[in-house]
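Engineer: Structure supplied as input.csv; contents: CSV, C-alpha atoms and all ligand atoms.
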chain,number,residue,atom,x,y,z
F,23,MET,CA,95.3,94.0,98.9
F,24,ASN,CA,91.7,93.7,98.0
F,25,GLY,CA,89.5,90.8,99.1
F,26,HIS,CA,88.9,91.6,102.7
F,27,GLU,CA,85.5,93.1,101.9
F,28,GLY,CA,82.7,91.0,103.5
F,29,PHE,CA,85.0,89.5,106.1
F,30,SER,CA,84.4,90.5,109.7
F,31,ARG,CA,87.2,92.2,111.6
F,32,ARG,CA,87.4,89.2,113.9
F,33,HIS,CA,87.7,86.9,110.9
F,34,VAL,CA,90.4,89.0,109.4
F,35,LEU,CA,92.3,89.0,112.7
F,36,GLY,CA,91.9,85.3,112.9
F,37,MET,CA,93.3,84.9,109.4
F,38,ALA,CA,96.2,87.2,110.3
F,39,LEU,CA,97.1,85.2,113.3
F,40,ALA,CA,96.7,81.9,111.4
F,41,ALA,CA,98.9,83.2,108.5
F,42,GLY,CA,101.3,84.9,110.8
F,43,GLY,CA,102.2,87.1,107.9
F,44,PHE,CA,100.2,90.2,108.3
F,45,ALA,CA,101.6,93.4,109.7
F,46,MET,CA,99.4,95.6,112.0
F,47,SER,CA,100.3,99.2,112.7
F,48,GLY,CA,98.6,102.1,114.4
F,49,VAL,CA,95.0,102.9,115.0
F,50,GLY,CA,92.7,101.2,112.5
F,51,ALA,CA,94.9,98.2,112.0
F,52,VAL,CA,96.4,98.4,108.6
F,53,PHE,CA,96.7,95.0,107.1
F,54,ALA,CA,99.5,94.5,104.5
F,55,GLU,CA,100.2,91.2,103.0
F,56,THR,CA,103.8,90.2,103.6
F,57,LEU,CA,105.5,88.2,100.9
F,58,GLN,CA,108.8,86.3,101.3
F,59,ARG,CA,111.7,87.4,99.2
F,60,THR,CA,112.8,85.3,96.4
F,61,PRO,CA,116.0,83.6,97.5
F,62,GLY,CA,119.2,84.4,95.5
F,63,GLU,CA,121.4,81.8,93.8
F,64,ILE,CA,124.9,82.0,92.2
F,65,LEU,CA,125.4,83.7,88.9
F,66,GLY,CA,126.8,80.5,87.6
F,67,PRO,CA,129.6,80.0,85.0
F,68,PHE,CA,127.5,80.6,81.9
F,69,TYR,CA,126.4,84.2,82.3
F,70,PRO,CA,126.5,85.5,78.7
F,71,VAL,CA,129.7,87.1,77.5
F,72,ILE,CA,127.8,88.4,74.5
F,73,LYS,CA,124.4,89.9,75.2
F,74,ARG,CA,122.2,90.6,72.2
F,75,VAL,CA,120.2,93.4,73.6
F,76,GLU,CA,117.9,93.6,70.6
F,77,GLN,CA,116.7,90.1,71.2
F,78,GLY,CA,113.4,91.3,72.7
F,79,ALA,CA,111.1,89.0,74.7
F,80,ASP,CA,111.1,86.2,72.1
F,81,LEU,CA,114.1,83.9,72.4
F,82,THR,CA,112.8,81.3,69.9
F,83,THR,CA,114.1,83.3,66.9
F,84,ILE,CA,117.3,85.4,66.4
F,85,PRO,CA,116.8,88.8,64.9
F,86,GLY,CA,117.8,88.7,61.2
F,87,ARG,CA,117.6,84.9,60.9
F,88,GLN,CA,114.9,82.6,59.5
F,89,GLY,CA,115.1,79.6,61.7
F,90,ARG,CA,113.4,78.8,65.0
F,91,ALA,CA,114.9,77.2,68.1
F,92,THR,CA,114.2,73.5,68.7
F,93,GLY,CA,112.4,72.5,71.8
F,94,GLN,CA,109.2,72.9,73.6
F,95,VAL,CA,108.0,76.5,73.5
F,96,ILE,CA,107.3,78.0,76.9
F,97,HIS,CA,105.7,81.3,77.8
F,98,VAL,CA,107.3,82.5,81.0
F,99,MET,CA,105.4,85.2,82.8
F,100,GLY,CA,104.9,86.8,86.2
F,101,ARG,CA,105.3,89.9,88.2
F,102,VAL,CA,108.1,91.5,90.2
F,103,LEU,CA,106.7,92.5,93.6
F,104,ASN,CA,108.0,93.9,96.8
F,105,VAL,CA,107.4,92.2,100.1
F,106,GLU,CA,104.3,94.3,100.6
F,107,GLY,CA,102.8,92.8,97.4
F,108,GLN,CA,103.2,96.0,95.4
F,109,PRO,CA,104.3,95.8,91.8
F,110,VAL,CA,107.9,96.8,90.9
F,111,ARG,CA,107.6,98.7,87.7
F,112,GLY,CA,110.6,99.2,85.4
F,113,ALA,CA,112.6,96.4,86.9
F,114,ARG,CA,115.3,95.1,84.5
F,115,ILE,CA,115.1,91.4,84.0
F,116,GLU,CA,117.9,89.5,82.3
F,117,LEU,CA,117.1,85.9,81.4
F,118,TRP,CA,119.7,83.3,80.3
F,119,GLN,CA,119.5,79.6,79.8
F,120,ALA,CA,120.7,76.4,78.1
F,121,ASN,CA,119.1,75.2,74.9
F,122,ALA,CA,116.8,72.2,74.7
F,123,GLN,CA,119.8,69.9,74.7
F,124,GLY,CA,121.2,71.4,77.9
F,125,ARG,CA,124.0,73.4,76.2
F,126,TYR,CA,124.8,77.0,76.8
F,127,SER,CA,125.8,79.3,74.0
F,128,HIS,CA,128.9,80.2,76.0
F,129,PRO,CA,132.6,79.5,75.3
F,130,SER,CA,133.1,78.0,78.8
F,131,ASP,CA,130.5,75.3,78.4
F,132,THR,CA,132.2,72.0,77.7
F,133,ASN,CA,129.0,70.0,77.5
F,134,PRO,CA,129.3,68.0,74.2
F,135,ALA,CA,125.6,68.4,73.6
F,136,PRO,CA,125.0,70.3,70.3
F,137,LEU,CA,124.5,74.1,70.1
F,138,ASP,CA,121.3,75.2,68.4
F,139,PRO,CA,122.1,77.7,65.6
F,140,ASN,CA,118.7,79.3,66.2
F,141,PHE,CA,119.1,79.8,69.9
F,142,GLU,CA,121.4,82.0,71.9
F,143,GLY,CA,119.5,81.9,75.2
F,144,PHE,CA,119.6,85.5,76.4
F,145,ALA,CA,117.0,88.3,76.6
F,146,VAL,CA,116.4,91.4,78.6
F,147,GLN,CA,113.2,93.4,79.3
F,148,ASN,CA,111.8,95.8,81.8
F,149,THR,CA,108.6,95.1,83.8
F,150,ASP,CA,105.5,97.2,82.9
F,151,ALA,CA,103.4,99.4,85.1
F,152,GLU,CA,101.9,96.4,86.8
F,153,GLY,CA,105.3,94.9,87.5
F,154,GLN,CA,104.7,92.2,84.8
F,155,TYR,CA,107.1,90.5,82.5
F,156,ARG,CA,106.7,87.9,79.8
F,157,PHE,CA,109.2,85.9,77.7
F,158,LYS,CA,108.7,83.4,75.0
F,159,THR,CA,111.5,80.8,74.9
F,160,ILE,CA,112.0,77.0,74.9
F,161,LYS,CA,112.3,74.7,77.9
F,162,PRO,CA,116.0,74.1,78.6
F,163,GLY,CA,117.4,70.6,78.9
F,164,ALA,CA,119.1,69.2,82.0
F,165,TYR,CA,122.9,69.2,81.8
F,166,PRO,CA,125.9,67.8,83.8
F,167,ALA,CA,127.5,70.1,86.2
F,168,THR,CA,129.9,67.5,87.4
F,169,ALA,CA,130.3,63.7,86.7
F,170,ASN,CA,127.8,63.0,89.5
F,171,TRP,CA,125.5,66.0,89.3
F,172,MET,CA,122.9,66.7,86.7
F,173,ARG,CA,121.4,70.1,86.9
F,174,PRO,CA,117.6,70.1,86.4
F,175,PRO,CA,116.1,72.3,83.7
F,176,HIS,CA,116.2,75.9,85.0
F,177,LEU,CA,116.2,79.5,83.9
F,178,HIS,CA,118.7,82.1,85.2
F,179,PHE,CA,117.3,85.5,86.2
F,180,ASP,CA,119.1,88.7,87.1
F,181,VAL,CA,116.4,91.2,88.3
F,182,THR,CA,117.4,94.8,89.1
F,183,GLY,CA,114.9,97.3,90.6
F,184,LYS,CA,115.6,100.8,91.7
F,185,ILE,CA,116.7,99.6,95.1
F,186,ASN,CA,117.1,95.9,95.1
F,187,ARG,CA,118.7,93.2,92.9
F,188,VAL,CA,118.3,89.4,93.0
F,189,ILE,CA,120.2,86.9,90.9
F,190,THR,CA,118.5,83.6,91.0
F,191,GLN,CA,117.2,80.6,89.1
F,192,MET,CA,113.7,79.4,88.3
F,193,TYR,CA,112.9,75.7,88.2
F,194,PHE,CA,110.1,73.6,86.7
F,195,PRO,CA,107.7,71.5,88.8
F,196,GLY,CA,107.7,67.7,88.7
F,197,GLU,CA,111.3,67.3,87.7
F,198,SER,CA,113.0,64.4,89.5
F,199,LEU,CA,116.4,66.2,89.3
F,200,ASN,CA,115.0,69.0,91.4
F,201,ASP,CA,115.2,66.8,94.5
F,202,LYS,CA,118.9,66.1,94.0
F,203,ASP,CA,120.1,69.5,92.8
F,204,LEU,CA,122.8,70.8,95.0
F,205,LEU,CA,122.0,74.4,94.4
F,206,LEU,CA,118.2,74.2,94.8
F,207,GLN,CA,118.5,71.9,97.8
F,208,ASN,CA,120.9,74.2,99.5
F,209,ILE,CA,118.4,77.0,99.7
F,210,ARG,CA,117.4,77.4,103.3
F,211,ALA,CA,114.3,79.6,103.2
F,212,ASN,CA,111.5,79.8,100.7
F,213,LYS,CA,113.0,77.2,98.5
F,214,GLU,CA,109.6,76.2,97.0
F,215,SER,CA,109.2,79.7,95.6
F,216,LEU,CA,111.9,79.0,93.0
F,217,ILE,CA,109.7,76.4,91.4
F,218,ALA,CA,107.3,77.9,88.9
F,219,LYS,CA,103.7,76.9,88.3
F,220,VAL,CA,102.9,75.4,84.9
F,221,LEU,CA,99.5,76.0,83.5
F,222,PRO,CA,97.9,74.7,80.3
F,223,PRO,CA,98.5,76.9,77.2
F,224,THR,CA,96.0,79.6,76.7
F,225,ALA,CA,94.0,79.8,73.4
F,226,ASP,CA,96.3,82.5,71.9
F,227,VAL,CA,99.5,80.4,72.1
F,228,GLU,CA,100.9,77.2,70.6
F,229,PRO,CA,98.7,74.3,71.7
F,230,ASP,CA,101.8,72.2,72.7
F,231,SER,CA,103.5,75.0,74.6
F,232,LEU,CA,103.6,75.5,78.3
F,233,THR,CA,102.5,78.5,80.3
F,234,VAL,CA,105.0,79.0,83.1
F,235,VAL,CA,104.0,81.5,85.9
F,236,TRP,CA,106.6,82.7,88.3
F,237,ASP,CA,106.6,85.8,90.5
F,238,ILE,CA,109.8,87.4,91.9
F,239,VAL,CA,109.8,89.1,95.2
F,240,VAL,CA,112.4,91.7,96.2
F,241,ASP,CA,112.5,93.7,99.4
F,242,LYS,CA,111.4,97.2,98.5
F,243,GLY,CA,111.6,97.5,94.8
C,301,FE,FE,122.5,77.0,84.5
What does this structure look like when you write it as structure tokens?
Ligand SMILES: [Fe+2]

Structural biologist:
Amino acid sequence: MNGHEGFSRRHVLGMALAAGGFAMSGVGAVFAETLQRTPGEILGPFYPVIKRVEQGADLTTIPGRQGRATGQVIHVMGRVLNVEGQPVRGARIELWQANAQGRYSHPSDTNPAPLDPNFEGFAVQNTDAEGQYRFKTIKPGAYPATANWMRPPHLHFDVTGKINRVITQMYFPGESLNDKDLLLQNIRANKESLIAKVLPPTADVEPDSLTVVWDIVVDKG
């Protein structure tokens, strides 16, 4: 990683000790930033049975149809990295999710919330040379998993690199249901990494949209 220029060796060593996350090896002390792997979660019952691979990165419209999905537009973006902080290029990312009412376009979803005829909730893409991905979609609604358990808004991800794969879920910050979610609260290590950062929309996107930034870390790539 860059950014050590201008720091004294002693300062860097101090930072390394304080962070406890730097690896030292050999003469000359190579410092490599160590990231924690993104924890995995269950695939869940609503992994798509029909995957429209021509969907592209924009889930708010369906190819060949005029309408747009209802709900708040979100631009979800980030990088796939390995634990040394290196980008994982060409990783396949599948995204699936409920619609704005919390209903999956899946035959097993018994939630009485309405389907959205303009939203199927699945897309796939590969990361670019910098390990980056970007989807345009809508913020999913919460939905009942059982009579006593509401799942917070979340996106499902299946990320496949050349060596590693992680199936997991991304959550939104500030959702009160996060604190009661049995799946999220069951994560033992690095739970907070499943909660994305939400930034104000940039000038080139819808003014009422959200920019959601979330990096995914796999072991090697
Ligand atoms: Fe889900």

Engineer: Contacts of Lys158 (chain F) at 10 Å or less, counting only C-alpha atoms, minus same-chain residues fewer than 4 places along, as a list of chain:residue names?

Structural biologist: F:Gly78, F:Ala79, F:Asp80, F:Leu81, F:Thr82, F:Thr83, F:Val95, F:Ile96, F:His97, F:Val98, F:Met99, F:Ala145, F:Ser231, F:Leu232, F:Thr233, F:Val234

Engineer: Nearest to Arg87 (chain F): which of F:Asn140, F:Thr224, F:Asn200, F:Thr182 is it, counting only C-alpha atoms?

Structural biologist: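 Ranking F:Asn140, F:Thr224, F:Asn200, F:Thr182 by distance to Arg87 (chain F), first place goes to F:Asn140.
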
Engineer: Neighbourhood query: residues within 9 Å of (112.8, 70.6, 71.6), file coordinates, counting all atoms listed in the file; return as a list in words.

Structural biologist: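 Every polymer residue passing the test: Ala91, Thr92, Gly93, Gln94, Val95, Asn121, Ala122, Gln123, Ile160, Lys161, Pro162 and Gly163 of chain F.
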
Engineer: Save out the residues we just selected, C-alpha atoms, as a short mmCIF file (atom, residue, chain, number, x, y, z; two decimals), keeping the file's coordinate frame.

Structural biologist:
data_model
loop_
_atom_site.label_atom_id
_atom_site.label_comp_id
_atom_site.auth_asym_id
_atom_site.auth_seq_id
_atom_site.Cartn_x
_atom_site.Cartn_y
_atom_site.Cartn_z
CA ALA F 91 114.90 77.20 68.10
CA THR F 92 114.20 73.50 68.70
CA GLY F 93 112.40 72.50 71.80
CA GLN F 94 109.20 72.90 73.60
CA VAL F 95 108.00 76.50 73.50
CA ASN F 121 119.10 75.20 74.90
CA ALA F 122 116.80 72.20 74.70
CA GLN F 123 119.80 69.90 74.70
CA ILE F 160 112.00 77.00 74.90
CA LYS F 161 112.30 74.70 77.90
CA PRO F 162 116.00 74.10 78.60
CA GLY F 163 117.40 70.60 78.90
#

Engineer: Neighbouring residues of region 104-120 of chain F were defined as those with any atom within 8 Å, considering all atoms listed in the file; residues of the same chain fewer than 5 positions away were excluded. Please report them as a CSV table (one decimal) with C-alpha atoms, in the frame of the given file.

Structural biologist:
chain,number,residue,atom,x,y,z
F,23,MET,CA,95.3,94.0,98.9
F,54,ALA,CA,99.5,94.5,104.5
F,55,GLU,CA,100.2,91.2,103.0
F,56,THR,CA,103.8,90.2,103.6
F,57,LEU,CA,105.5,88.2,100.9
F,58,GLN,CA,108.8,86.3,101.3
F,59,ARG,CA,111.7,87.4,99.2
F,69,TYR,CA,126.4,84.2,82.3
F,70,PRO,CA,126.5,85.5,78.7
F,125,ARG,CA,124.0,73.4,76.2
F,126,TYR,CA,124.8,77.0,76.8
F,127,SER,CA,125.8,79.3,74.0
F,143,GLY,CA,119.5,81.9,75.2
F,144,PHE,CA,119.6,85.5,76.4
F,145,ALA,CA,117.0,88.3,76.6
F,146,VAL,CA,116.4,91.4,78.6
F,147,GLN,CA,113.2,93.4,79.3
F,148,ASN,CA,111.8,95.8,81.8
F,149,THR,CA,108.6,95.1,83.8
F,150,ASP,CA,105.5,97.2,82.9
F,151,ALA,CA,103.4,99.4,85.1
F,152,GLU,CA,101.9,96.4,86.8
F,153,GLY,CA,105.3,94.9,87.5
F,154,GLN,CA,104.7,92.2,84.8
F,162,PRO,CA,116.0,74.1,78.6
F,163,GLY,CA,117.4,70.6,78.9
F,176,HIS,CA,116.2,75.9,85.0
F,177,LEU,CA,116.2,79.5,83.9
F,178,HIS,CA,118.7,82.1,85.2
F,179,PHE,CA,117.3,85.5,86.2
F,180,ASP,CA,119.1,88.7,87.1
F,181,VAL,CA,116.4,91.2,88.3
F,182,THR,CA,117.4,94.8,89.1
F,183,GLY,CA,114.9,97.3,90.6
F,184,LYS,CA,115.6,100.8,91.7
F,239,VAL,CA,109.8,89.1,95.2
F,240,VAL,CA,112.4,91.7,96.2
F,241,ASP,CA,112.5,93.7,99.4
F,242,LYS,CA,111.4,97.2,98.5
F,243,GLY,CA,111.6,97.5,94.8

Engineer: Looking at only C-alpha atoms and all ligand atoms, which of F:Pro175, F:Ala169, F:Arg156, F:Phe141 is the one that sits closest to ligand FE 301 (chain C)?

Structural biologist: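 Checking each of F:Pro175, F:Ala169, F:Arg156, F:Phe141 against ligand FE 301 (chain C), counting only C-alpha atoms and all ligand atoms, the winner is F:Pro175.
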
Engineer: Using only C-alpha atoms for the distances, tell me which of F:Pro223, F:Ala218, F:Met172, F:Ile72 is nearest to Val235 (chain F).

Structural biologist: F:Ala218

Engineer: Counting only C-alpha atoms and all ligand atoms, which residue out of F:Met192, F:Leu137, F:Val220, F:Leu103 sits closest to ligand FE 301 (chain C)?

Structural biologist: F:Met192

Engineer: Can you work out the spacing between CA of Pro166 (chain F) and CA of Phe194 (chain F) in Å, to one decimal?

Structural biologist: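 Calculated distance between CA of Pro166 (chain F) and CA of Phe194 (chain F) is 17.1 Å.
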
Engineer: Considering only C-alpha atoms, can you say which of F:Trp236, F:Tyr165, F:Trp171, F:Tyr155 comes closest to Pro195 (chain F)?

Structural biologist: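 Distance minimum relative to Pro195 (chain F) lands on F:Trp236.
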
Engineer: Which residue gives the smallest distance to Ser130 (chain F) among F:Pro174, F:Asp201, F:Pro67, F:Glu214, with only C-alpha atoms counted?

Structural biologist: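 When distances to Ser130 (chain F) are compared using only C-alpha atoms, the smallest one comes from F:Pro67.
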
Engineer: Please, what distance in Å, to one decimal, runs between CA of Thr168 (chain F) and CA of Lys73 (chain F)?

Structural biologist: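 These two atoms are separated by 26.1 Å.
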
Engineer: So what do you get for CA of Val102 (chain F) versus CA of Gln191 (chain F), distance-wise?

Structural biologist: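 So the answer is 14.2 Å.
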
Engineer: Residues at most 12 Å from Asn212 (chain F), counting only C-alpha atoms, excluding those fewer than 3 positions away in the same chain, as a PDB file with C-alpha atoms, in the frame of the given file?

Structural biologist:
ATOM      1  CA  LEU F  57     105.500  88.200 100.900  1.00  0.00           C
ATOM      2  CA  GLN F  58     108.800  86.300 101.300  1.00  0.00           C
ATOM      3  CA  ARG F  59     111.700  87.400  99.200  1.00  0.00           C
ATOM      4  CA  THR F  60     112.800  85.300  96.400  1.00  0.00           C
ATOM      5  CA  PRO F  61     116.000  83.600  97.500  1.00  0.00           C
ATOM      6  CA  GLY F  62     119.200  84.400  95.500  1.00  0.00           C
ATOM      7  CA  LEU F 206     118.200  74.200  94.800  1.00  0.00           C
ATOM      8  CA  GLN F 207     118.500  71.900  97.800  1.00  0.00           C
ATOM      9  CA  ASN F 208     120.900  74.200  99.500  1.00  0.00           C
ATOM     10  CA  ILE F 209     118.400  77.000  99.700  1.00  0.00           C
ATOM     11  CA  SER F 215     109.200  79.700  95.600  1.00  0.00           C
ATOM     12  CA  LEU F 216     111.900  79.000  93.000  1.00  0.00           C
ATOM     13  CA  ILE F 217     109.700  76.400  91.400  1.00  0.00           C
ATOM     14  CA  ILE F 238     109.800  87.400  91.900  1.00  0.00           C
ATOM     15  CA  VAL F 239     109.800  89.100  95.200  1.00  0.00           C
TER      16      VAL F 239
END

Engineer: Complete region 222-235 of chain F at the level of N, CA and C atoms, written as a PDB file, in the frame of the given file.

Structural biologist:
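Saved the output as part15.pdb:
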ATOM      1  N   PRO F 222      98.143  75.032  81.670  1.00  0.00           N
ATOM      2  CA  PRO F 222      97.900  74.700  80.300  1.00  0.00           C
ATOM      3  C   PRO F 222      98.009  75.911  79.395  1.00  0.00           C
ATOM      4  N   PRO F 223      98.365  75.701  78.124  1.00  0.00           N
ATOM      5  CA  PRO F 223      98.500  76.900  77.200  1.00  0.00           C
ATOM      6  C   PRO F 223      97.138  77.557  77.058  1.00  0.00           C
ATOM      7  N   THR F 224      97.182  78.871  76.958  1.00  0.00           N
ATOM      8  CA  THR F 224      96.000  79.600  76.700  1.00  0.00           C
ATOM      9  C   THR F 224      95.656  79.546  75.195  1.00  0.00           C
ATOM     10  N   ALA F 225      94.477  80.004  74.801  1.00  0.00           N
ATOM     11  CA  ALA F 225      94.000  79.800  73.400  1.00  0.00           C
ATOM     12  C   ALA F 225      94.848  80.594  72.417  1.00  0.00           C
ATOM     13  N   ASP F 226      95.568  81.610  72.860  1.00  0.00           N
ATOM     14  CA  ASP F 226      96.300  82.500  71.900  1.00  0.00           C
ATOM     15  C   ASP F 226      97.752  82.048  71.727  1.00  0.00           C
ATOM     16  N   VAL F 227      98.150  80.891  72.264  1.00  0.00           N
ATOM     17  CA  VAL F 227      99.500  80.400  72.100  1.00  0.00           C
ATOM     18  C   VAL F 227      99.578  79.042  71.501  1.00  0.00           C
ATOM     19  N   GLU F 228     100.765  78.550  71.175  1.00  0.00           N
ATOM     20  CA  GLU F 228     100.900  77.200  70.600  1.00  0.00           C
ATOM     21  C   GLU F 228     100.292  76.169  71.454  1.00  0.00           C
ATOM     22  N   PRO F 229      99.476  75.268  70.849  1.00  0.00           N
ATOM     23  CA  PRO F 229      98.700  74.300  71.700  1.00  0.00           C
ATOM     24  C   PRO F 229      99.644  73.329  72.438  1.00  0.00           C
ATOM     25  N   ASP F 230     100.871  73.120  71.949  1.00  0.00           N
ATOM     26  CA  ASP F 230     101.800  72.200  72.700  1.00  0.00           C
ATOM     27  C   ASP F 230     102.790  72.951  73.522  1.00  0.00           C
ATOM     28  N   SER F 231     102.534  74.230  73.745  1.00  0.00           N
ATOM     29  CA  SER F 231     103.500  75.000  74.600  1.00  0.00           C
ATOM     30  C   SER F 231     103.056  74.905  76.050  1.00  0.00           C
ATOM     31  N   LEU F 232     103.896  75.413  76.902  1.00  0.00           N
ATOM     32  CA  LEU F 232     103.600  75.500  78.300  1.00  0.00           C
ATOM     33  C   LEU F 232     103.514  76.950  78.745  1.00  0.00           C
ATOM     34  N   THR F 233     102.598  77.226  79.652  1.00  0.00           N
ATOM     35  CA  THR F 233     102.500  78.500  80.300  1.00  0.00           C
ATOM     36  C   THR F 233     103.153  78.421  81.667  1.00  0.00           C
ATOM     37  N   VAL F 234     104.222  79.140  81.875  1.00  0.00           N
ATOM     38  CA  VAL F 234     105.000  79.000  83.100  1.00  0.00           C
ATOM     39  C   VAL F 234     104.850  80.337  83.873  1.00  0.00           C
ATOM     40  N   VAL F 235     104.330  80.254  85.083  1.00  0.00           N
ATOM     41  CA  VAL F 235     104.000  81.500  85.900  1.00  0.00           C
ATOM     42  C   VAL F 235     104.953  81.505  87.070  1.00  0.00           C
TER      43      VAL F 235
END
